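Student: model14.txt is reproduced in full below (compact mmCIF, C-alpha atoms).
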# COMPACT_ATOMS: atom_id res chain seq x y z
CA MET G 13 -28.66 -9.78 -15.85
CA ASN G 14 -31.29 -7.68 -14.07
CA GLN G 15 -31.04 -3.91 -13.77
CA GLY G 16 -28.62 -3.10 -10.96
CA VAL G 17 -27.81 -6.77 -10.30
CA SER G 18 -25.35 -9.17 -11.92
CA ILE G 19 -25.96 -12.92 -11.71
CA ILE G 20 -22.79 -14.95 -11.24
CA GLU G 21 -23.03 -18.69 -11.93
CA ALA G 22 -20.70 -20.63 -9.66
CA ARG G 23 -20.05 -24.34 -10.08
CA ILE G 24 -18.88 -25.91 -6.83
CA ALA G 25 -15.85 -28.15 -7.24
CA ASP G 26 -16.35 -31.84 -6.49
CA THR G 27 -13.53 -31.55 -3.95
CA ALA G 28 -15.54 -28.86 -2.10
CA ASP G 29 -18.47 -31.20 -1.40
CA GLY G 30 -19.57 -30.75 2.19
CA TRP G 31 -17.66 -27.49 2.71
CA ARG G 32 -19.39 -24.48 4.22
CA LEU G 33 -21.18 -22.72 1.37
CA ASP G 34 -19.36 -19.41 1.88
CA ARG G 35 -16.00 -21.20 1.70
CA ALA G 36 -16.98 -23.25 -1.36
CA LEU G 37 -18.28 -20.19 -3.21
CA ALA G 38 -15.12 -18.22 -2.39
CA ASP G 39 -13.18 -21.09 -3.97
CA ALA G 40 -15.42 -21.00 -7.06
CA VAL G 41 -15.54 -17.20 -7.48
CA PRO G 42 -11.92 -15.97 -7.17
CA THR G 43 -12.79 -12.26 -7.39
CA MET G 44 -15.03 -12.26 -4.30
CA SER G 45 -13.96 -12.50 -0.69
CA ARG G 46 -15.48 -15.00 1.70
CA GLU G 47 -16.73 -12.16 3.92
CA ARG G 48 -18.52 -10.52 0.99
CA LEU G 49 -20.13 -13.85 0.07
CA LYS G 50 -21.28 -14.37 3.68
CA VAL G 51 -23.15 -11.07 3.48
CA LEU G 52 -24.73 -11.98 0.14
CA ILE G 53 -25.81 -15.43 1.33
CA SER G 54 -27.35 -13.99 4.51
CA SER G 55 -29.24 -11.38 2.48
CA GLY G 56 -30.90 -14.04 0.33
CA ALA G 57 -28.84 -13.42 -2.81
CA VAL G 58 -27.77 -17.05 -3.36
CA THR G 59 -29.78 -19.94 -4.81
CA GLY G 60 -28.62 -23.43 -5.64
CA PRO G 61 -29.77 -27.05 -5.95
CA GLN G 62 -31.40 -26.71 -2.53
CA GLY G 63 -33.19 -23.50 -3.55
CA LEU G 64 -32.72 -20.21 -1.70
CA VAL G 65 -29.91 -20.40 0.86
CA ARG G 66 -29.53 -17.93 3.73
CA ASP G 67 -27.10 -19.79 5.96
CA PRO G 68 -23.41 -19.32 5.05
CA ALA G 69 -22.59 -22.45 7.08
CA LYS G 70 -24.91 -24.71 5.04
CA LYS G 71 -23.02 -27.54 3.38
CA ALA G 72 -22.30 -27.03 -0.32
CA MET G 73 -23.06 -29.70 -2.92
CA GLY G 74 -20.02 -30.75 -4.93
CA GLY G 75 -20.70 -30.19 -8.63
CA GLY G 76 -23.75 -28.09 -7.82
CA LEU G 77 -24.53 -24.87 -9.70
CA TYR G 78 -25.24 -21.82 -7.56
CA ASN G 79 -26.45 -18.41 -8.66
CA VAL G 80 -25.13 -15.39 -6.79
CA ALA G 81 -27.04 -12.13 -7.30
CA VAL G 82 -24.45 -9.39 -6.86
CA PRO G 83 -25.65 -5.76 -6.71
CA ASP G 84 -23.72 -3.63 -9.17
CA PRO G 85 -21.04 -1.64 -7.34
CA LYS G 86 -22.23 1.72 -6.09
CA PRO G 87 -20.43 4.70 -7.59
CA ALA G 88 -17.54 5.82 -5.42
CA HIS G 89 -18.02 8.99 -3.42
CA ASN G 90 -14.83 10.40 -4.89
CA GLU G 91 -14.62 11.90 -8.36
CA ALA G 92 -12.67 10.21 -11.15
CA GLN G 93 -9.96 12.57 -12.41
CA GLU G 94 -7.51 12.25 -15.27
CA ILE G 95 -4.17 12.49 -13.48
CA PRO G 96 -0.99 11.08 -15.07
CA LEU G 97 0.15 7.82 -13.47
CA ASN G 98 3.25 5.69 -13.92
CA ILE G 99 1.82 2.17 -14.15
CA VAL G 100 4.43 -0.50 -13.39
CA TYR G 101 2.13 -3.55 -13.54
CA GLU G 102 -1.57 -4.15 -14.04
CA ASP G 103 -3.95 -7.08 -14.46
CA GLU G 104 -7.63 -7.66 -13.77
CA HIS G 105 -6.95 -8.08 -10.05
CA LEU G 106 -4.51 -5.35 -9.02
CA ILE G 107 -2.37 -2.44 -10.12
CA VAL G 108 1.15 -1.35 -9.10
CA ILE G 109 1.96 2.36 -9.37
CA ASP G 110 5.22 4.28 -9.12
CA LYS G 111 3.84 7.31 -7.29
CA GLN G 112 5.34 10.72 -7.92
CA ALA G 113 6.26 12.96 -4.99
CA GLY G 114 3.55 15.52 -4.26
CA LEU G 115 0.64 13.19 -4.98
CA VAL G 116 -1.62 12.50 -1.98
CA VAL G 117 -2.82 8.89 -1.81
CA HIS G 118 -6.31 9.25 -0.35
CA PRO G 119 -8.79 12.15 -0.21
CA ALA G 120 -8.96 13.79 3.22
CA ALA G 121 -9.49 17.19 4.75
CA GLY G 122 -7.33 19.64 2.84
CA ASN G 123 -6.96 17.24 -0.11
CA LEU G 124 -10.46 16.37 -1.25
CA ASP G 125 -9.42 15.66 -4.84
CA GLY G 126 -6.35 15.45 -7.05
CA THR G 127 -5.29 12.28 -5.22
CA LEU G 128 -4.09 8.83 -6.27
CA VAL G 129 -7.58 7.46 -5.55
CA ASN G 130 -9.13 10.02 -7.93
CA ALA G 131 -6.55 9.06 -10.56
CA LEU G 132 -7.20 5.32 -10.14
CA LEU G 133 -10.96 5.80 -10.40
CA HIS G 134 -10.36 7.34 -13.83
CA HIS G 135 -7.68 4.91 -15.00
CA CYS G 136 -9.53 1.78 -13.81
CA HIS G 137 -12.99 2.87 -14.96
CA GLY G 138 -15.02 -0.23 -15.79
CA SER G 139 -12.53 -2.67 -14.27
CA LEU G 140 -13.33 -2.17 -10.57
CA SER G 141 -15.72 -4.93 -9.49
CA GLY G 142 -16.23 -3.45 -6.06
CA ILE G 143 -14.54 -3.24 -2.68
CA GLY G 144 -17.25 -3.88 -0.10
CA GLY G 145 -19.87 -3.23 -2.77
CA GLU G 146 -18.41 0.10 -3.89
CA ALA G 147 -16.58 0.73 -7.17
CA ARG G 148 -13.31 1.98 -5.78
CA PRO G 149 -9.67 0.89 -5.67
CA GLY G 150 -8.63 -1.06 -2.59
CA ILE G 151 -5.85 0.92 -0.93
CA VAL G 152 -4.00 -1.44 1.42
CA HIS G 153 -1.03 0.80 2.24
CA ARG G 154 -0.04 4.41 1.83
CA ILE G 155 3.00 6.51 1.04
CA ASP G 156 3.37 10.04 2.37
CA LYS G 157 2.47 12.83 -0.05
CA ASP G 158 6.09 13.91 -0.50
CA THR G 159 7.52 10.38 -0.63
CA SER G 160 7.82 8.80 -4.07
CA GLY G 161 7.78 5.17 -5.13
CA LEU G 162 5.96 1.88 -5.44
CA MET G 163 2.42 1.14 -4.24
CA VAL G 164 -0.09 -1.63 -4.94
CA ALA G 165 -3.90 -1.31 -5.01
CA ALA G 166 -6.60 -3.96 -5.43
CA LYS G 167 -9.41 -3.93 -7.98
CA HIS G 168 -11.81 -6.25 -6.17
CA ASP G 169 -12.67 -7.70 -2.77
CA ARG G 170 -10.69 -10.94 -3.02
CA ALA G 171 -7.48 -9.19 -4.08
CA HIS G 172 -7.98 -6.56 -1.38
CA VAL G 173 -8.38 -9.17 1.35
CA GLY G 174 -5.39 -11.17 0.10
CA LEU G 175 -3.08 -8.17 -0.04
CA ALA G 176 -4.26 -6.83 3.31
CA ALA G 177 -3.52 -10.22 4.92
CA GLN G 178 0.08 -10.07 3.66
CA PHE G 179 0.54 -6.56 5.03
CA LYS G 180 -0.90 -7.66 8.37
CA ALA G 181 1.47 -10.65 8.44
CA HIS G 182 4.40 -8.34 7.57
CA SER G 183 5.33 -10.61 4.66
CA ILE G 184 5.44 -7.80 2.08
CA ASP G 185 9.01 -6.97 1.01
CA ARG G 186 9.29 -3.17 1.14
CA ARG G 187 12.60 -1.38 0.82
CA TYR G 188 13.12 2.37 0.76
CA ARG G 189 16.08 4.46 -0.36
CA ALA G 190 16.72 7.48 1.84
CA ILE G 191 19.36 10.18 2.06
CA VAL G 192 19.98 10.90 5.72
CA SER G 193 21.99 13.67 7.32
CA GLY G 194 25.17 13.05 9.28
CA LEU G 195 27.92 10.45 9.05
CA LEU G 196 26.84 6.95 10.03
CA ARG G 197 29.39 5.18 12.22
CA LEU G 198 27.85 1.75 11.64
CA SER G 199 27.23 0.10 8.29
CA GLU G 200 23.86 -1.41 9.29
CA GLY G 201 21.46 -1.77 12.15
CA SER G 202 17.84 -2.09 13.25
CA VAL G 203 15.40 0.14 15.11
CA ASP G 204 12.71 -1.64 17.13
CA ALA G 205 10.71 1.20 18.66
CA PRO G 206 6.89 1.49 19.00
CA LEU G 207 5.17 4.37 17.21
CA ALA G 208 2.01 6.35 17.88
CA ARG G 209 0.69 9.87 17.51
CA SER G 210 2.81 12.25 19.52
CA PRO G 211 1.10 13.21 22.80
CA HIS G 212 2.55 16.70 22.34
CA ASN G 213 1.69 17.26 18.66
CA ARG G 214 -1.09 15.21 17.06
CA LYS G 215 0.24 16.00 13.58
CA LYS G 216 3.45 14.14 14.34
CA VAL G 217 4.33 10.50 15.03
CA ALA G 218 6.65 9.69 17.91
CA ILE G 219 8.26 6.78 19.68
CA VAL G 220 5.72 6.03 22.41
CA LYS G 221 6.02 3.27 25.02
CA ASN G 222 2.54 1.85 24.39
CA GLY G 223 2.51 2.50 20.64
CA LYS G 224 2.32 -0.09 17.87
CA ARG G 225 5.44 -2.17 17.34
CA ALA G 226 7.57 -0.80 14.52
CA VAL G 227 10.78 -2.32 13.16
CA THR G 228 13.11 -0.86 10.54
CA HIS G 229 16.25 -2.62 9.29
CA TRP G 230 18.73 -0.23 7.66
CA ARG G 231 22.05 -0.51 5.90
CA LYS G 232 24.41 2.13 4.58
CA LEU G 233 24.88 2.08 0.81
CA LYS G 234 27.25 5.05 0.41
CA ASP G 235 28.86 7.77 2.48
CA LEU G 236 28.14 11.29 1.24
CA HIS G 237 29.05 14.83 2.30
CA ASP G 238 27.91 14.93 5.95
CA ALA G 239 25.20 12.49 4.83
CA ALA G 240 24.61 8.93 3.64
CA LEU G 241 22.48 6.96 1.23
CA VAL G 242 20.73 4.15 3.12
CA GLU G 243 18.34 1.33 2.37
CA CYS G 244 15.55 0.84 4.91
CA LYS G 245 13.72 -2.48 4.90
CA LEU G 246 10.41 -2.40 6.72
CA GLU G 247 9.42 -5.29 8.95
CA THR G 248 6.31 -3.30 9.86
CA GLY G 249 4.67 -0.41 8.03
CA ARG G 250 3.65 2.38 10.38
CA THR G 251 2.91 5.97 9.46
CA HIS G 252 6.17 7.97 9.06
CA GLN G 253 8.12 4.92 10.25
CA VAL G 254 11.36 5.47 8.32
CA ARG G 255 11.33 9.19 9.03
CA VAL G 256 10.86 8.81 12.78
CA HIS G 257 13.19 5.84 13.22
CA MET G 258 16.09 7.41 11.33
CA ALA G 259 15.59 10.69 13.20
CA SER G 260 15.72 8.74 16.47
CA LEU G 261 19.26 7.64 15.53
CA GLY G 262 20.27 11.27 15.07
CA HIS G 263 20.15 10.92 11.28
CA PRO G 264 16.91 12.49 10.02
CA LEU G 265 16.12 12.43 6.33
CA ILE G 266 17.51 15.37 4.42
CA GLY G 267 14.72 17.76 3.52
CA ASP G 268 12.29 16.38 6.11
CA PRO G 269 10.30 19.42 7.28
CA VAL G 270 8.77 17.62 10.27
CA TYR G 271 11.39 15.36 11.85
CA GLY G 272 14.64 17.02 10.83
CA SER G 273 16.42 20.36 10.66
CA VAL G 274 18.60 21.53 7.79
CA ARG G 275 22.30 21.21 8.50
CA LYS G 276 24.51 24.14 7.62
CA ALA G 277 26.46 21.92 5.21
CA HIS G 278 23.28 21.24 3.21
CA ARG G 279 21.31 24.50 3.47
CA GLU G 280 22.73 26.23 0.39
CA LEU G 281 22.51 23.08 -1.74
CA LEU G 282 18.85 22.47 -0.88
CA GLU G 283 18.03 26.07 -1.78
CA THR G 284 19.95 25.85 -5.06
CA LEU G 285 18.23 22.59 -6.03
CA ASN G 286 14.87 23.78 -4.66
CA PHE G 287 14.64 20.41 -2.90
CA ARG G 288 11.73 20.74 -0.47
CA ARG G 289 10.70 17.23 0.56
CA GLN G 290 12.03 14.34 2.60
CA ALA G 291 14.60 12.42 0.56
CA LEU G 292 12.70 9.14 0.65
CA HIS G 293 11.73 6.76 -2.15
CA ALA G 294 9.90 3.38 -2.05
CA ALA G 295 12.35 1.55 -4.30
CA HIS G 296 11.34 -2.12 -3.96
CA LEU G 297 7.99 -3.88 -3.53
CA GLY G 298 7.58 -7.64 -3.39
CA PHE G 299 4.50 -9.73 -2.59
CA ILE G 300 2.57 -12.86 -3.50
CA HIS G 301 -0.18 -12.32 -6.06
CA PRO G 302 -3.39 -12.68 -4.00
CA ILE G 303 -5.21 -14.65 -6.72
CA ASN G 304 -2.73 -16.80 -8.63
CA SER G 305 -0.09 -17.06 -5.85
CA THR G 306 2.84 -16.09 -8.07
CA ALA G 307 5.69 -14.12 -6.51
CA LEU G 308 5.92 -10.56 -7.84
CA ALA G 309 8.74 -8.06 -7.25
CA PHE G 310 9.23 -4.56 -8.63
CA GLU G 311 12.08 -2.06 -8.58
CA SER G 312 12.00 1.71 -9.03
CA GLU G 313 14.99 3.95 -9.60
CA ILE G 314 15.17 7.01 -7.38
CA PRO G 315 13.53 9.98 -9.12
CA ALA G 316 15.41 12.84 -10.77
CA ASP G 317 15.22 15.26 -7.83
CA MET G 318 16.70 12.74 -5.38
CA GLN G 319 19.30 11.65 -7.92
CA GLU G 320 20.37 15.26 -8.38
CA LEU G 321 20.65 15.68 -4.60
CA PHE G 322 22.67 12.47 -4.36
CA ASP G 323 25.02 13.52 -7.18
CA ASN G 324 25.72 16.85 -5.48
CA LEU G 325 26.45 15.17 -2.15
CA ILE G 326 29.02 12.69 -3.47
CA VAL G 327 32.28 13.18 -1.60
Turn the structure described in the file into structure tokens.
Tutor:
Amino acid sequence: MNQGVSIIEARIADTADGWRLDRALADAVPTMSRERLKVLISSGAVTGPQGLVRDPAKKAMGGGLYNVAVPDPKPAHNEAQEIPLNIVYEDEHLIVIDKQAGLVVHPAAGNLDGTLVNALLHHCHGSLSGIGGEARPGIVHRIDKDTSGLMVAAKHDRAHVGLAAQFKAHSIDRRYRAIVSGLLRLSEGSVDAPLARSPHNRKKVAIVKNGKRAVTHWRKLKDLHDAALVECKLETGRTHQVRVHMASLGHPLIGDPVYGSVRKAHRELLETLNFRRQALHAAHLGFIHPINSTALAFESEIPADMQELFDNLIV
């Protein structure tokens, strides 16, 4: 191992004889994406039985030993910070977190630190093999700051690409629990309405004719006092999707400061409980492990503040 560079020895499978080299190496090195390997091959970082190889399309030799010189991941721009996390599942490829309400996922203007990314950089120190050459967690989806619940992040390129592909294909099983205001006449339904930034307020998301397709399937779990507990299953995963779609039905989430208004029947209770966020929790997350192809599914009970709100709304 040279300073700043790790040498990975990759033995090409006999069954991969004649494959494109980038494809064969991706098969032999499960932690690296094919796109990352293309870049490395083109930069002259791969040698094999044929010597130095710079063409990702060159045919691989089955059984051949190739050396891949991988630059050590660059330090992430963000600072590692010791922030308590509820880890639901973790292996060398990915990590599943039950995020607490109030925790921002990614650093941005107004929240430059104290985020989930800062926390993961600390927790995963030494186990991040690089996303695009940088030692950082691969965030493939987000949850609003004041929404709690399950999230998955990747530790390396291959896992990141595999998870992102599932999100793009809408094959991830995501179900939220929400407490919405008003009495629902129907027991279930779907909202298929495109979402985009509001043309009137860029800080809000709205149903916009030419927006991105967004589909939410909902079902009522229990009637409450001028409210209901619902499960929302996402077919797509757009920003603020559940909040906007339920509000479009006339049933905004209780406590939502952006898309709802406090009903008279709930005002005193919310003040008494000091409940100051949208009543939304990512309760179920299911996906296929991007490396070993096993099916994974996780459940999270609604947190104490939402449970207390629910208990006080029971008819």
Student: With distances taken over all atoms listed in the file, which of G:Arg289, G:Gln253, G:Gly30, G:Ala171 is nearest to Ala218 in chain G?
Tutor: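 With all atoms listed in the file as the atom set, the closest residue is G:Gln253.
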Student: Could you state the separation of CA of Glu104 in chain G and CA of Asn130 in chain G in Å, given to one decimal place?
Tutor: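 CA of Asn130 in chain G lies 18.7 Å from CA of Glu104 in chain G.
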Student: Could you check the closest approach to Ile99 in chain G for each of G:Val164, G:Val256, G:Leu49, G:Leu285 and tell me which residue wins, using all atoms listed in the file?
Tutor: G:Val164
Student: Determine, counting all atoms listed in the file, which protein, DNA and RNA residues have an atom within 7 Å of an atom of range 82-84 of chain G; residues of the same chain fewer than 6 positions away are not included. Present the result as a PyMOL selection string.
Tutor: chain G and resi 16-19
Student: Can you tell me how far CA of Ala57 in chain G sits from CA of Val80 in chain G, in Å to one decimal?
Tutor: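 So the answer is 5.8 Å.
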Student: Could you check how far CA of Gly161 in chain G sits from CA of Ile314 in chain G, in Å to one decimal?
Tutor: 7.9 Å
Student: Would you please work out which residue, of G:Ser305, G:Asn324, G:Asn213, G:Ser139, is nearest to Glu280 in chain G when using only C-alpha atoms?
Tutor: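 Ranking G:Ser305, G:Asn324, G:Asn213, G:Ser139 by distance to Glu280 in chain G, first place goes to G:Asn324.
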Student: Could you tell me which of G:Leu140, G:Met258, G:Val274, G:Val220 comes closest to Ser202 in chain G if we count all atoms listed in the file?
Tutor: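 Of the candidates, the smallest distance to Ser202 in chain G is held by G:Met258.
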Student: Pick the closest to Arg170 in chain G from G:His293, G:His263, G:Arg250, G:His105: which is it, counting only C-alpha atoms?
Tutor: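 Closest to Arg170 in chain G, using only C-alpha atoms: G:His105.
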